$ cat my_file_6.cif   # mmCIF, C-alpha atoms
data_final
#
loop_
_atom_site.label_atom_id
_atom_site.label_comp_id
_atom_site.auth_asym_id
_atom_site.auth_seq_id
_atom_site.Cartn_x
_atom_site.Cartn_y
_atom_site.Cartn_z
CA MET A 1 108.88 79.29 159.45
CA MET A 2 110.13 76.08 161.05
CA VAL A 3 112.05 78.13 163.65
CA ALA A 4 108.89 80.17 164.30
CA ALA A 5 106.90 76.93 164.76
CA ALA A 6 109.52 75.75 167.26
CA LEU A 7 109.23 79.02 169.21
CA VAL A 8 105.42 78.67 169.39
CA PHE A 9 105.86 75.06 170.53
CA PHE A 10 108.18 76.33 173.28
CA MET A 11 105.26 78.42 174.60
CA ASN A 12 103.78 75.21 176.01
CA LEU A 13 106.59 75.23 178.58
CA GLY A 14 105.84 78.89 179.32
CA PHE A 15 102.17 78.17 179.99
CA ALA A 16 103.13 75.21 182.19
CA CYS A 17 105.46 77.38 184.29
CA VAL A 18 103.00 80.27 184.63
CA GLU A 19 100.09 78.02 185.62
CA THR A 20 102.21 76.00 188.04
CA GLY A 21 103.76 79.06 189.66
CA LEU A 22 100.45 80.87 190.18
CA THR A 23 98.69 77.88 191.78
CA ARG A 24 99.29 75.96 194.99
CA SER A 25 101.99 73.33 195.42
CA LYS A 26 99.49 70.54 196.14
CA ASN A 27 98.25 70.73 192.51
CA THR A 28 101.60 71.00 190.73
CA ALA A 29 101.83 67.48 189.27
CA ASN A 30 98.24 67.78 188.01
CA ILE A 31 98.92 71.05 186.20
CA LEU A 32 102.18 69.79 184.73
CA PHE A 33 100.40 66.67 183.49
CA LYS A 34 97.69 68.73 181.76
CA ASN A 35 100.25 71.00 180.11
CA THR A 36 102.21 67.96 178.96
CA ILE A 37 99.30 66.06 177.46
CA ILE A 38 97.42 69.02 175.89
CA PRO A 39 99.97 69.62 173.08
CA CYS A 40 100.08 65.86 172.47
CA ILE A 41 96.29 65.71 172.10
CA GLY A 42 96.23 68.99 170.18
CA ILE A 43 98.77 67.96 167.53
CA LEU A 44 97.15 64.55 166.97
CA THR A 45 93.56 65.80 166.74
CA TYR A 46 94.60 68.72 164.53
CA ALA A 47 96.27 66.21 162.19
CA LEU A 48 93.21 63.95 162.27
CA MET A 49 90.65 66.59 161.29
CA GLY A 50 91.28 70.07 162.76
CA PHE A 51 93.66 71.23 160.02
CA ASN A 52 91.30 70.25 157.21
CA LEU A 53 88.37 71.80 159.07
CA MET A 54 90.24 75.09 159.43
CA TYR A 55 91.69 75.11 155.91
CA PRO A 56 89.12 73.29 153.74
CA GLY A 57 90.18 74.94 150.47
CA GLY A 58 87.65 75.84 147.78
CA ASP A 59 86.38 79.32 146.93
CA GLY A 60 86.02 80.45 150.55
CA GLY A 61 83.43 82.78 151.99
CA GLY A 62 81.47 80.13 153.88
CA TRP A 63 80.73 79.27 157.49
CA PHE A 64 81.87 75.65 157.36
CA GLY A 65 84.05 73.42 155.21
CA PHE A 66 85.88 70.13 155.55
CA ALA A 67 88.60 68.69 153.33
CA GLY A 68 88.54 65.18 154.84
CA PHE A 69 90.30 63.28 157.59
CA GLY A 70 94.05 63.04 158.02
CA LEU A 71 96.98 64.83 156.45
CA GLY A 72 97.22 64.62 152.68
CA PHE A 73 100.27 64.32 150.49
CA ALA A 74 101.18 67.05 148.05
CA ASP A 75 101.74 66.16 144.39
CA ASP A 76 105.50 66.40 144.58
CA VAL A 77 107.79 64.83 147.15
CA SER A 78 108.73 68.06 148.93
CA GLY A 79 105.14 69.16 149.50
CA LEU A 80 105.72 72.67 148.20
CA THR A 81 102.79 75.07 148.14
CA SER A 82 102.59 78.55 146.67
CA VAL A 83 99.52 79.51 148.73
CA TYR A 84 101.61 81.91 150.85
CA ASN A 85 104.99 82.14 149.13
CA ALA A 86 107.44 80.10 147.12
CA GLY A 87 109.24 77.50 149.20
CA TYR A 88 106.57 77.31 151.91
CA THR A 89 105.65 73.64 152.30
CA TYR A 90 102.45 71.85 153.21
CA TRP A 91 104.23 70.27 156.17
CA THR A 92 105.47 73.62 157.51
CA ASP A 93 101.96 75.00 157.18
CA PHE A 94 100.48 72.14 159.20
CA LEU A 95 103.13 72.26 161.92
CA PHE A 96 102.91 76.03 162.43
CA GLN A 97 99.10 75.95 162.62
CA ALA A 98 99.08 72.90 164.92
CA MET A 99 101.19 74.78 167.46
CA PHE A 100 98.58 77.53 167.55
CA ALA A 101 95.76 75.03 168.08
CA ALA A 102 97.51 73.46 171.06
CA THR A 103 98.09 76.92 172.56
CA ALA A 104 94.37 77.80 172.53
CA ALA A 105 93.47 74.76 174.67
CA THR A 106 96.23 75.50 177.16
CA ILE A 107 94.63 78.88 177.95
CA VAL A 108 91.52 77.12 179.30
CA SER A 109 93.63 74.86 181.52
CA GLY A 110 94.86 77.70 183.74
CA ALA A 111 91.41 79.15 184.42
CA VAL A 112 89.88 75.84 185.56
CA ALA A 113 92.95 74.75 187.53
CA GLU A 114 92.84 73.27 191.05
CA ARG A 115 89.29 71.83 190.89
CA VAL A 116 88.56 70.27 187.49
CA LYS A 117 88.57 66.49 186.98
CA LEU A 118 91.44 65.48 184.74
CA SER A 119 89.50 63.00 182.58
CA SER A 120 86.67 65.50 182.03
CA PHE A 121 89.07 68.26 181.05
CA LEU A 122 90.85 66.02 178.55
CA VAL A 123 87.52 65.20 176.88
CA PHE A 124 86.81 68.93 176.64
CA THR A 125 90.27 69.52 175.14
CA VAL A 126 89.58 67.00 172.37
CA LEU A 127 86.26 68.67 171.50
CA PHE A 128 87.71 72.18 171.67
CA VAL A 129 90.80 71.60 169.51
CA THR A 130 89.13 69.23 167.07
CA ILE A 131 85.89 71.14 166.39
CA SER A 132 85.44 74.60 167.98
CA TYR A 133 88.84 76.22 167.35
CA PRO A 134 89.14 75.11 163.67
CA ILE A 135 85.62 76.24 162.74
CA THR A 136 86.06 79.82 163.96
CA GLY A 137 89.63 79.83 162.63
CA MET A 138 88.31 78.92 159.19
CA TRP A 139 86.00 81.95 159.21
CA LYS A 140 89.06 84.20 158.84
CA TRP A 141 92.29 82.31 158.20
CA GLY A 142 90.65 79.60 156.09
CA ASN A 143 89.16 82.30 153.82
CA GLY A 144 85.70 82.00 155.35
CA TRP A 145 82.94 84.61 155.59
CA LEU A 146 84.84 87.01 157.88
CA ASN A 147 87.66 87.21 155.33
CA THR A 148 85.41 87.87 152.35
CA MET A 149 83.30 90.71 153.79
CA GLU A 150 83.50 94.05 151.96
CA THR A 151 85.86 95.22 154.73
CA PRO A 152 87.50 91.98 155.88
CA PHE A 153 87.84 91.24 159.58
CA TYR A 154 91.53 91.52 160.48
CA ASP A 155 93.39 89.38 163.01
CA PHE A 156 97.06 89.10 162.09
CA ALA A 157 98.19 86.41 164.54
CA GLY A 158 95.19 85.62 166.71
CA SER A 159 94.14 88.13 169.39
CA THR A 160 90.64 86.79 168.74
CA LEU A 161 91.19 83.57 166.78
CA VAL A 162 93.55 82.09 169.39
CA HIS A 163 93.55 84.16 172.58
CA SER A 164 89.97 85.28 173.06
CA VAL A 165 88.78 81.89 171.77
CA GLY A 166 90.77 80.34 174.62
CA GLY A 167 89.41 83.06 176.91
CA TRP A 168 85.77 82.34 176.01
CA GLY A 169 86.40 78.65 176.72
CA ALA A 170 87.97 79.61 180.04
CA LEU A 171 84.99 81.81 180.96
CA ALA A 172 82.51 79.02 180.20
CA GLY A 173 84.57 76.63 182.32
CA ILE A 174 84.79 78.82 185.43
CA ILE A 175 81.06 79.65 185.26
CA ILE A 176 80.09 75.96 185.25
CA LEU A 177 82.78 74.84 187.75
CA GLY A 178 82.32 77.53 190.36
CA PRO A 179 85.08 78.98 192.57
CA ARG A 180 87.70 77.05 194.51
CA ILE A 181 86.93 76.23 198.14
CA GLY A 182 87.90 79.18 200.33
CA LYS A 183 88.22 81.75 197.54
CA PHE A 184 85.14 83.80 198.50
CA LYS A 185 83.95 84.02 202.09
CA ASP A 186 81.42 86.36 203.72
CA GLY A 187 81.52 88.69 200.74
CA ARG A 188 85.31 88.95 200.80
CA VAL A 189 87.89 87.75 198.29
CA LEU A 190 90.54 85.62 199.98
CA PRO A 191 93.81 85.32 198.05
CA LEU A 192 94.88 81.72 197.37
CA LEU A 193 98.49 82.54 196.62
CA GLY A 194 100.54 80.68 194.05
CA HIS A 195 103.47 78.70 195.41
CA SER A 196 106.29 79.80 193.08
CA LEU A 197 106.72 83.30 191.70
CA PRO A 198 110.11 82.29 190.24
CA LEU A 199 108.36 79.64 188.10
CA ALA A 200 105.69 82.13 187.03
CA THR A 201 108.37 84.66 186.05
CA ILE A 202 110.30 82.06 184.04
CA GLY A 203 107.05 81.16 182.29
CA VAL A 204 106.25 84.73 181.29
CA PHE A 205 109.68 85.29 179.75
CA VAL A 206 109.46 81.96 177.91
CA LEU A 207 106.11 83.11 176.53
CA TRP A 208 107.55 86.49 175.50
CA LEU A 209 110.30 84.66 173.63
CA GLY A 210 107.76 82.30 172.07
CA TRP A 211 105.73 85.28 170.90
CA PHE A 212 108.56 86.19 168.52
CA GLY A 213 107.59 83.02 166.67
CA PHE A 214 103.86 83.49 167.28
CA ASN A 215 103.75 86.98 165.73
CA GLY A 216 106.94 86.93 163.68
CA GLY A 217 106.02 83.63 162.05
CA SER A 218 102.57 84.95 161.16
CA VAL A 219 104.21 87.07 158.45
CA LEU A 220 104.45 83.66 156.71
CA SER A 221 107.71 84.63 155.03
CA ALA A 222 111.26 85.70 155.84
CA ASN A 223 110.55 89.27 154.68
CA PRO A 224 113.17 91.14 156.74
CA GLY A 225 111.33 94.47 156.84
CA LEU A 226 107.98 93.11 157.98
CA VAL A 227 109.31 90.43 160.36
CA SER A 228 111.59 92.91 162.12
CA LEU A 229 108.76 95.47 162.43
CA VAL A 230 106.49 92.81 163.95
CA LEU A 231 109.12 91.80 166.52
CA VAL A 232 109.62 95.46 167.50
CA THR A 233 105.90 96.21 167.88
CA THR A 234 105.46 92.96 169.82
CA SER A 235 108.24 93.81 172.28
CA LEU A 236 107.16 97.43 172.75
CA ALA A 237 103.60 96.35 173.55
CA ALA A 238 104.83 93.73 176.03
CA ALA A 239 107.05 96.26 177.79
CA ALA A 240 104.28 98.86 177.92
CA GLY A 241 101.86 96.24 179.26
CA GLY A 242 104.24 95.38 182.08
CA VAL A 243 104.68 99.05 183.02
CA GLY A 244 100.95 99.80 182.70
CA ALA A 245 99.93 96.94 184.96
CA THR A 246 102.66 97.73 187.48
CA LEU A 247 101.64 101.38 187.86
CA THR A 248 97.93 100.55 187.98
CA SER A 249 98.29 97.80 190.58
CA TRP A 250 100.72 99.92 192.63
CA ILE A 251 98.17 102.75 192.80
CA MET A 252 95.26 100.43 193.63
CA LEU A 253 97.02 98.04 196.03
CA LYS A 254 99.51 100.56 197.48
CA LYS A 255 102.35 98.11 196.74
CA PRO A 256 103.78 96.71 193.47
CA ASP A 257 102.42 93.25 192.66
CA VAL A 258 104.72 90.81 190.83
CA SER A 259 101.90 88.69 189.40
CA MET A 260 100.16 91.80 188.04
CA ALA A 261 103.39 92.94 186.34
CA LEU A 262 103.78 89.49 184.78
CA ASN A 263 100.17 89.38 183.58
CA GLY A 264 100.63 92.94 182.27
CA ILE A 265 103.40 91.74 179.98
CA LEU A 266 101.17 88.94 178.70
CA ALA A 267 98.26 91.38 178.30
CA GLY A 268 100.40 93.65 176.12
CA LEU A 269 101.46 90.67 174.01
CA VAL A 270 97.87 89.48 173.51
CA ALA A 271 96.69 93.02 172.69
CA ILE A 272 99.26 93.64 169.93
CA THR A 273 98.80 90.23 168.30
CA ALA A 274 95.85 91.23 166.10
CA GLY A 275 97.65 94.15 164.45
CA ALA A 276 101.37 93.70 165.05
CA ASP A 277 102.12 94.14 161.34
CA GLN A 278 99.97 97.27 161.00
CA MET A 279 101.13 99.41 163.92
CA SER A 280 103.79 102.06 164.40
CA PRO A 281 106.04 101.87 167.45
CA GLY A 282 103.99 104.62 169.14
CA ASP A 283 100.71 102.80 168.47
CA SER A 284 102.19 99.62 169.92
CA VAL A 285 103.14 101.34 173.18
CA ILE A 286 99.62 102.77 173.56
CA ILE A 287 97.92 99.43 172.77
CA GLY A 288 100.18 97.50 175.15
CA GLY A 289 99.93 100.12 177.89
CA ILE A 290 96.13 100.10 177.79
CA GLY A 291 96.28 96.30 177.84
CA GLY A 292 98.35 96.39 181.02
CA ILE A 293 95.88 98.74 182.71
CA LEU A 294 92.92 96.70 181.47
CA VAL A 295 94.22 93.41 182.86
CA VAL A 296 94.36 94.80 186.42
CA PHE A 297 90.80 96.13 186.33
CA SER A 298 89.64 92.88 184.70
CA VAL A 299 91.14 90.75 187.49
CA PHE A 300 89.32 92.86 190.10
CA PHE A 301 86.09 92.69 188.06
CA PHE A 302 86.09 88.88 187.85
CA ASP A 303 86.78 88.68 191.59
CA LYS A 304 83.90 91.10 192.24
CA ILE A 305 81.40 88.92 190.34
CA LYS A 306 82.85 85.84 192.08
CA LEU A 307 84.30 84.11 189.03
CA ASP A 308 87.48 82.36 190.14
CA ASP A 309 90.35 82.27 187.65
CA PRO A 310 93.58 81.21 189.44
CA VAL A 311 95.97 82.53 186.78
CA GLY A 312 94.00 85.43 185.30
CA ALA A 313 93.54 83.71 181.92
CA THR A 314 90.21 85.42 181.24
CA SER A 315 91.70 88.84 182.02
CA VAL A 316 94.83 88.29 179.93
CA HIS A 317 93.43 86.39 176.96
CA LEU A 318 89.73 87.29 176.77
CA ALA A 319 89.66 90.94 177.84
CA ASN A 320 92.85 91.80 175.97
CA GLY A 321 92.03 89.60 173.00
CA ILE A 322 88.91 91.72 172.53
CA TRP A 323 90.81 94.97 173.13
CA GLY A 324 93.62 94.07 170.74
CA THR A 325 91.18 93.12 167.99
CA LEU A 326 89.29 96.39 168.39
CA ALA A 327 92.59 98.31 168.36
CA VAL A 328 93.12 97.33 164.70
CA GLY A 329 90.23 99.66 163.80
CA LEU A 330 91.46 102.44 166.09
CA PHE A 331 95.21 102.56 165.32
CA GLY A 332 97.62 101.85 162.51
CA ASN A 333 97.22 101.37 158.78
CA LEU A 334 93.68 99.97 158.87
CA LYS A 335 92.01 102.39 161.30
CA GLY A 336 88.56 103.65 160.36
CA GLY A 337 84.85 103.23 160.98
CA ALA A 338 84.33 100.40 158.49
CA GLN A 339 87.19 98.42 160.03
CA ILE A 340 85.82 98.94 163.56
CA VAL A 341 82.45 97.51 162.44
CA SER A 342 84.18 94.50 160.86
CA GLN A 343 86.23 93.93 164.01
CA LEU A 344 83.10 94.07 166.17
CA LYS A 345 81.35 91.55 163.89
CA GLY A 346 84.26 89.14 164.18
CA ILE A 347 84.55 89.52 167.96
CA ALA A 348 80.80 88.98 168.44
CA ALA A 349 80.43 86.03 166.05
CA ILE A 350 83.51 84.14 167.21
CA GLY A 351 82.77 84.92 170.87
CA ALA A 352 79.16 83.76 170.66
CA PHE A 353 79.97 80.52 168.85
CA THR A 354 82.91 79.62 171.09
CA PHE A 355 81.19 80.49 174.38
CA VAL A 356 78.01 78.55 173.52
CA PHE A 357 80.00 75.56 172.20
CA CYS A 358 82.15 75.44 175.34
CA LEU A 359 79.23 76.01 177.71
CA ILE A 360 77.28 73.13 176.17
CA SER A 361 80.39 70.91 176.12
CA PHE A 362 81.09 71.52 179.82
CA LEU A 363 77.43 70.95 180.75
CA VAL A 364 77.24 67.67 178.82
CA ILE A 365 80.55 66.47 180.29
CA LYS A 366 79.31 67.46 183.77
CA ALA A 367 76.10 65.47 183.28
CA ILE A 368 77.86 62.36 181.96
CA MET A 369 81.22 62.25 183.75
CA GLY A 370 81.10 64.94 186.39
CA LEU A 371 83.31 68.02 186.06
CA ARG A 372 84.64 68.81 189.51
CA VAL A 373 86.65 66.75 191.96
CA SER A 374 85.23 66.07 195.43
CA ALA A 375 85.70 68.64 198.20
CA GLU A 376 88.01 66.24 200.04
CA GLU A 377 90.16 65.76 196.95
CA GLU A 378 90.31 69.50 196.29
CA ILE A 379 91.38 70.25 199.87
CA GLU A 380 94.01 67.51 199.90
CA GLY A 381 95.25 68.45 196.43
CA LEU A 382 94.76 67.02 192.96
CA ASP A 383 98.27 65.59 192.93
CA ILE A 384 97.25 62.99 195.52
CA GLY A 385 93.65 62.50 194.36
CA GLU A 386 94.13 62.39 190.60
CA HIS A 387 97.68 61.05 190.31
CA GLY A 388 98.64 59.41 193.62
CA ASN A 389 101.76 61.51 193.36
CA GLU A 390 103.35 64.68 194.68
CA ALA A 391 105.51 67.21 192.89
CA TYR A 392 107.42 68.06 196.08
CA PRO A 393 107.49 64.86 198.18
CA ASP A 394 110.55 65.93 200.21
CA PHE A 395 108.76 68.92 201.69
CA THR A 396 106.64 68.20 204.76
CA GLN A 397 102.89 68.59 204.35
CA ALA A 398 103.31 69.60 200.73
CA HIS A 399 99.79 68.50 199.97
CA HIS A 400 98.26 70.71 202.66
CA GLY A 401 99.68 73.97 201.22
#
$ encode --input "my_file_6.cif" --output "structure tokens"
Amino acid sequence: MMVAAALVFFMNLGFACVETGLTRSKNTANILFKNTIIPCIGILTYALMGFNLMYPGGDGGGWFGFAGFGLGFADDVSGLTSVYNAGYTYWTDFLFQAMFAATAATIVSGAVAERVKLSSFLVFTVLFVTISYPITGMWKWGNGWLNTMETPFYDFAGSTLVHSVGGWGALAGIIILGPRIGKFKDGRVLPLLGHSLPLATIGVFVLWLGWFGFNGGSVLSANPGLVSLVLVTTSLAAAAGGVGATLTSWIMLKKPDVSMALNGILAGLVAITAGADQMSPGDSVIIGGIGGILVVFSVFFFDKIKLDDPVGATSVHLANGIWGTLAVGLFGNLKGGAQIVSQLKGIAAIGAFTFVFCLISFLVIKAIMGLRVSAEEEIEGLDIGEHGNEAYPDFTQAHHG
């Protein structure tokens, strides 16, 4: 479990590389700063109150619970707990869950990149990780109302509880912020190309590796049969997502698109996350393949309605978080009408709460602090405006790219 927590932690580097690679060079230092400070804020705020908000204890079945501020100390010195299995400690439990919390906030960062004020985004991150994410997480993983329904809502490792929660936050952010300057002109979509496909590619493979901890660790034991099955279903879905997105984008764009292939891999990973322990290898390929196709159409859809998401976070994490959660009722050991209804209830409830919470948070922050940098700062680049720094100072006119 500690190794799995370390792999999920490593995903922060993956997100940093993907976001940096798919955005312009003049904003690199800004994006690296956000991806550096988000896990720091996330771990601290989750220790302060998020963990006890998400896992309040008691009989369960409720909408809200809170076990108090700060991390407690177990009765014995090693902090052993038998909640999941013998030998699983309180400290391991906190660390593994804290890594997930930090990941959810990072998803929002990519969608609002290249035009959000740093201070405003950090305030949002605190609110999101401290309050919103733990409350909806408690509804299922903390034995809340979604877990105690007659047919419990099922989300093995967080297609909804982590990924679409981050996706709903991302959607709220891009609606309030508006598109980047120059993205939409005279009814046309103008590509604002990322500056480093090598970085983006490195990031995606770091994330795929991290997902072995994300999904594999969610077994919450070293059960060799179940852990190995989960790693196989996870990898098959990722591979199918990459192929699905490649073929779809090749047909639609007439040429293969590297960024679509990369996002297809991530889409397959997000889609399998809700039911990785319940699926056969064949099911996993279908779920991942559909995820890869879906992400391409989703990117075009968001462009069509003029919502600007530089890295495709809404398409990867929101669209495929919803698809993957629904897939639990359509494929695998739990498929059936009752499960589909439960999955829809969970998607709707968590989506509504998260979207409204994030929308209100962004609007309040916008009214008090402002949310978007000035046009001059955006054109020059956030590295100069927000940090007085450049990621690539040795390259001429780096901040005009």
$ closest_atom_pairs --input "my_file_6.cif" --of "range 113-226 of chain A" --to "range 22-31 of chain A" --cutoff "7 Å" --atoms "only C-alpha atoms" --output "tab-separated table"
residue	atom	partner	partner_atom	distance
A:Glu114	CA	A:Asn27	CA	6.2
A:Leu193	CA	A:Thr23	CA	6.7
A:Gly194	CA	A:Leu22	CA	3.9
A:His195	CA	A:Arg24	CA	5.0
A:Ser196	CA	A:Leu22	CA	6.6
A:Leu197	CA	A:Leu22	CA	6.9
A:Ala200	CA	A:Leu22	CA	6.2
$ atom_distance --input "my_file_6.cif" --atom1 "CA of Lys117 in chain A" --atom2 "CA of Leu371 in chain A"
5.6 Å
$ closest_residue --input "my_file_6.cif" --among "A:Ser164, A:Lys335, A:Ser249, A:Lys304" --to "Phe355 in chain A" --atoms "all atoms listed in the file"
A:Ser164
$ atom_distance --input "my_file_6.cif" --atom1 "CA of Val219 in chain A" --atom2 "CA of Pro152 in chain A"
17.6 Å
$ resolve_selection --input "my_file_6.cif" --expression "the PyMOL selection byres ((chain A and resi 167) around 10)" --output "short mmCIF file (atom, residue, chain, number, x, y, z; two decimals) with C-alpha atoms, keeping the file's coordinate frame"
data_model
loop_
_atom_site.label_atom_id
_atom_site.label_comp_id
_atom_site.auth_asym_id
_atom_site.auth_seq_id
_atom_site.Cartn_x
_atom_site.Cartn_y
_atom_site.Cartn_z
CA ALA A 104 94.37 77.80 172.53
CA ALA A 105 93.47 74.76 174.67
CA ILE A 107 94.63 78.88 177.95
CA VAL A 108 91.52 77.12 179.30
CA ALA A 111 91.41 79.15 184.42
CA THR A 160 90.64 86.79 168.74
CA VAL A 162 93.55 82.09 169.39
CA HIS A 163 93.55 84.16 172.58
CA SER A 164 89.97 85.28 173.06
CA VAL A 165 88.78 81.89 171.77
CA GLY A 166 90.77 80.34 174.62
CA TRP A 168 85.77 82.34 176.01
CA GLY A 169 86.40 78.65 176.72
CA ALA A 170 87.97 79.61 180.04
CA LEU A 171 84.99 81.81 180.96
CA ALA A 172 82.51 79.02 180.20
CA GLY A 173 84.57 76.63 182.32
CA GLY A 312 94.00 85.43 185.30
CA ALA A 313 93.54 83.71 181.92
CA THR A 314 90.21 85.42 181.24
CA SER A 315 91.70 88.84 182.02
CA VAL A 316 94.83 88.29 179.93
CA HIS A 317 93.43 86.39 176.96
CA LEU A 318 89.73 87.29 176.77
CA ALA A 319 89.66 90.94 177.84
CA ASN A 320 92.85 91.80 175.97
CA GLY A 321 92.03 89.60 173.00
CA ILE A 322 88.91 91.72 172.53
CA GLY A 351 82.77 84.92 170.87
CA THR A 354 82.91 79.62 171.09
CA PHE A 355 81.19 80.49 174.38
#
$ resolve_selection --input "my_file_6.cif" --expression "the PyMOL selection byres ((chain A and resi 120-133) around 8)" --output "PyMOL selection string"
chain A and resi 38+41-42+45-46+49-50+53+101-102+104-105+116-119+134-137+161-162+165+354+357-358+361-362+365-366+369-371
$ write_last_selection --input "my_file_6.cif" --atoms "C-alpha atoms" --output "tab-separated table (two decimals), keeping the file's coordinate frame"
chain	number	residue	atom	x	y	z
A	38	ILE	CA	97.42	69.02	175.89
A	41	ILE	CA	96.29	65.71	172.10
A	42	GLY	CA	96.23	68.99	170.18
A	45	THR	CA	93.56	65.80	166.74
A	46	TYR	CA	94.60	68.72	164.53
A	49	MET	CA	90.65	66.59	161.29
A	50	GLY	CA	91.28	70.07	162.76
A	53	LEU	CA	88.37	71.80	159.07
A	101	ALA	CA	95.76	75.03	168.08
A	102	ALA	CA	97.51	73.46	171.06
A	104	ALA	CA	94.37	77.80	172.53
A	105	ALA	CA	93.47	74.76	174.67
A	116	VAL	CA	88.56	70.27	187.49
A	117	LYS	CA	88.57	66.49	186.98
A	118	LEU	CA	91.44	65.48	184.74
A	119	SER	CA	89.50	63.00	182.58
A	134	PRO	CA	89.14	75.11	163.67
A	135	ILE	CA	85.62	76.24	162.74
A	136	THR	CA	86.06	79.82	163.96
A	137	GLY	CA	89.63	79.83	162.63
A	161	LEU	CA	91.19	83.57	166.78
A	162	VAL	CA	93.55	82.09	169.39
A	165	VAL	CA	88.78	81.89	171.77
A	354	THR	CA	82.91	79.62	171.09
A	357	PHE	CA	80.00	75.56	172.20
A	358	CYS	CA	82.15	75.44	175.34
A	361	SER	CA	80.39	70.91	176.12
A	362	PHE	CA	81.09	71.52	179.82
A	365	ILE	CA	80.55	66.47	180.29
A	366	LYS	CA	79.31	67.46	183.77
A	369	MET	CA	81.22	62.25	183.75
A	370	GLY	CA	81.10	64.94	186.39
A	371	LEU	CA	83.31	68.02	186.06
$ residues_around --input "my_file_6.cif" --residues "Gly288 in chain A" --least-positions-apart "4" --cutoff "12 Å" --atoms "only C-alpha atoms" --output "number ranges by chain"
A: 233-245, 263-276, 279, 281-284, 292-295, 316, 320-321, 323-324, 327
$ atom_distance --input "my_file_6.cif" --atom1 "CA of Val3 in chain A" --atom2 "CA of Thr20 in chain A"
26.4 Å
$ resolve_selection --input "my_file_6.cif" --expression "the PyMOL selection byres ((chain A and resi 100) around 9)" --output "VMD selection string"
chain A and resid 5 8 to 9 95 to 99 101 to 104 158 162 214
$ residues_around --input "my_file_6.cif" --residues "Phe205 in chain A" --least-positions-apart "4" --cutoff "10 Å" --atoms "all atoms listed in the file" --output "VMD selection string"
chain A and resid 11 14 18 200 to 201 209 to 211 262 265 to 266
$ closest_residue --input "my_file_6.cif" --among "A:Glu390, A:Ala47, A:Leu207, A:Phe15" --to "Asp93 in chain A" --atoms "only C-alpha atoms"
A:Ala47
$ residues_near_point --input "my_file_6.cif" --point "(112.8, 78.8, 155.6)" --cutoff "10 Å" --atoms "all atoms listed in the file" --output "list of chain:residue names"
A:Met1, A:Met2, A:Val3, A:Ala4, A:Gly87, A:Tyr88, A:Thr89, A:Thr92, A:Leu220, A:Ser221, A:Ala222
$ residues_around --input "my_file_6.cif" --residues "Tyr154 in chain A" --least-positions-apart "6" --cutoff "9 Å" --atoms "all atoms listed in the file" --output "PyMOL selection string"
chain A and resi 140+146-147+274-275+325+328-329+334+339+342-343+346
$ axis_aligned_box --input "my_file_6.cif" --around "range 341-354 of chain A" --padding-each-side "3 Å" --output "lines of an AutoDock Vina configuration file"
center_x = 82.7
center_y = 88.6
center_z = 166.0
size_x = 13.1
size_y = 23.9
size_z = 16.2
$ closest_residue --input "my_file_6.cif" --among "A:Ile350, A:Leu177, A:Val311, A:Leu71" --to "Asp155 in chain A" --atoms "all atoms listed in the file"
A:Ile350
$ residues_around --input "my_file_6.cif" --residues "Ala375 in chain A" --least-positions-apart "4" --cutoff "9 Å" --atoms "only C-alpha atoms" --output "list in words"
Arg115, Ile181, Ile379 and Glu380 of chain A
$ residues_around --input "my_file_6.cif" --residues "Thr36 in chain A" --least-positions-apart "6" --cutoff "9 Å" --atoms "all atoms listed in the file" --output "VMD selection string"
chain A and resid 12 to 13 16
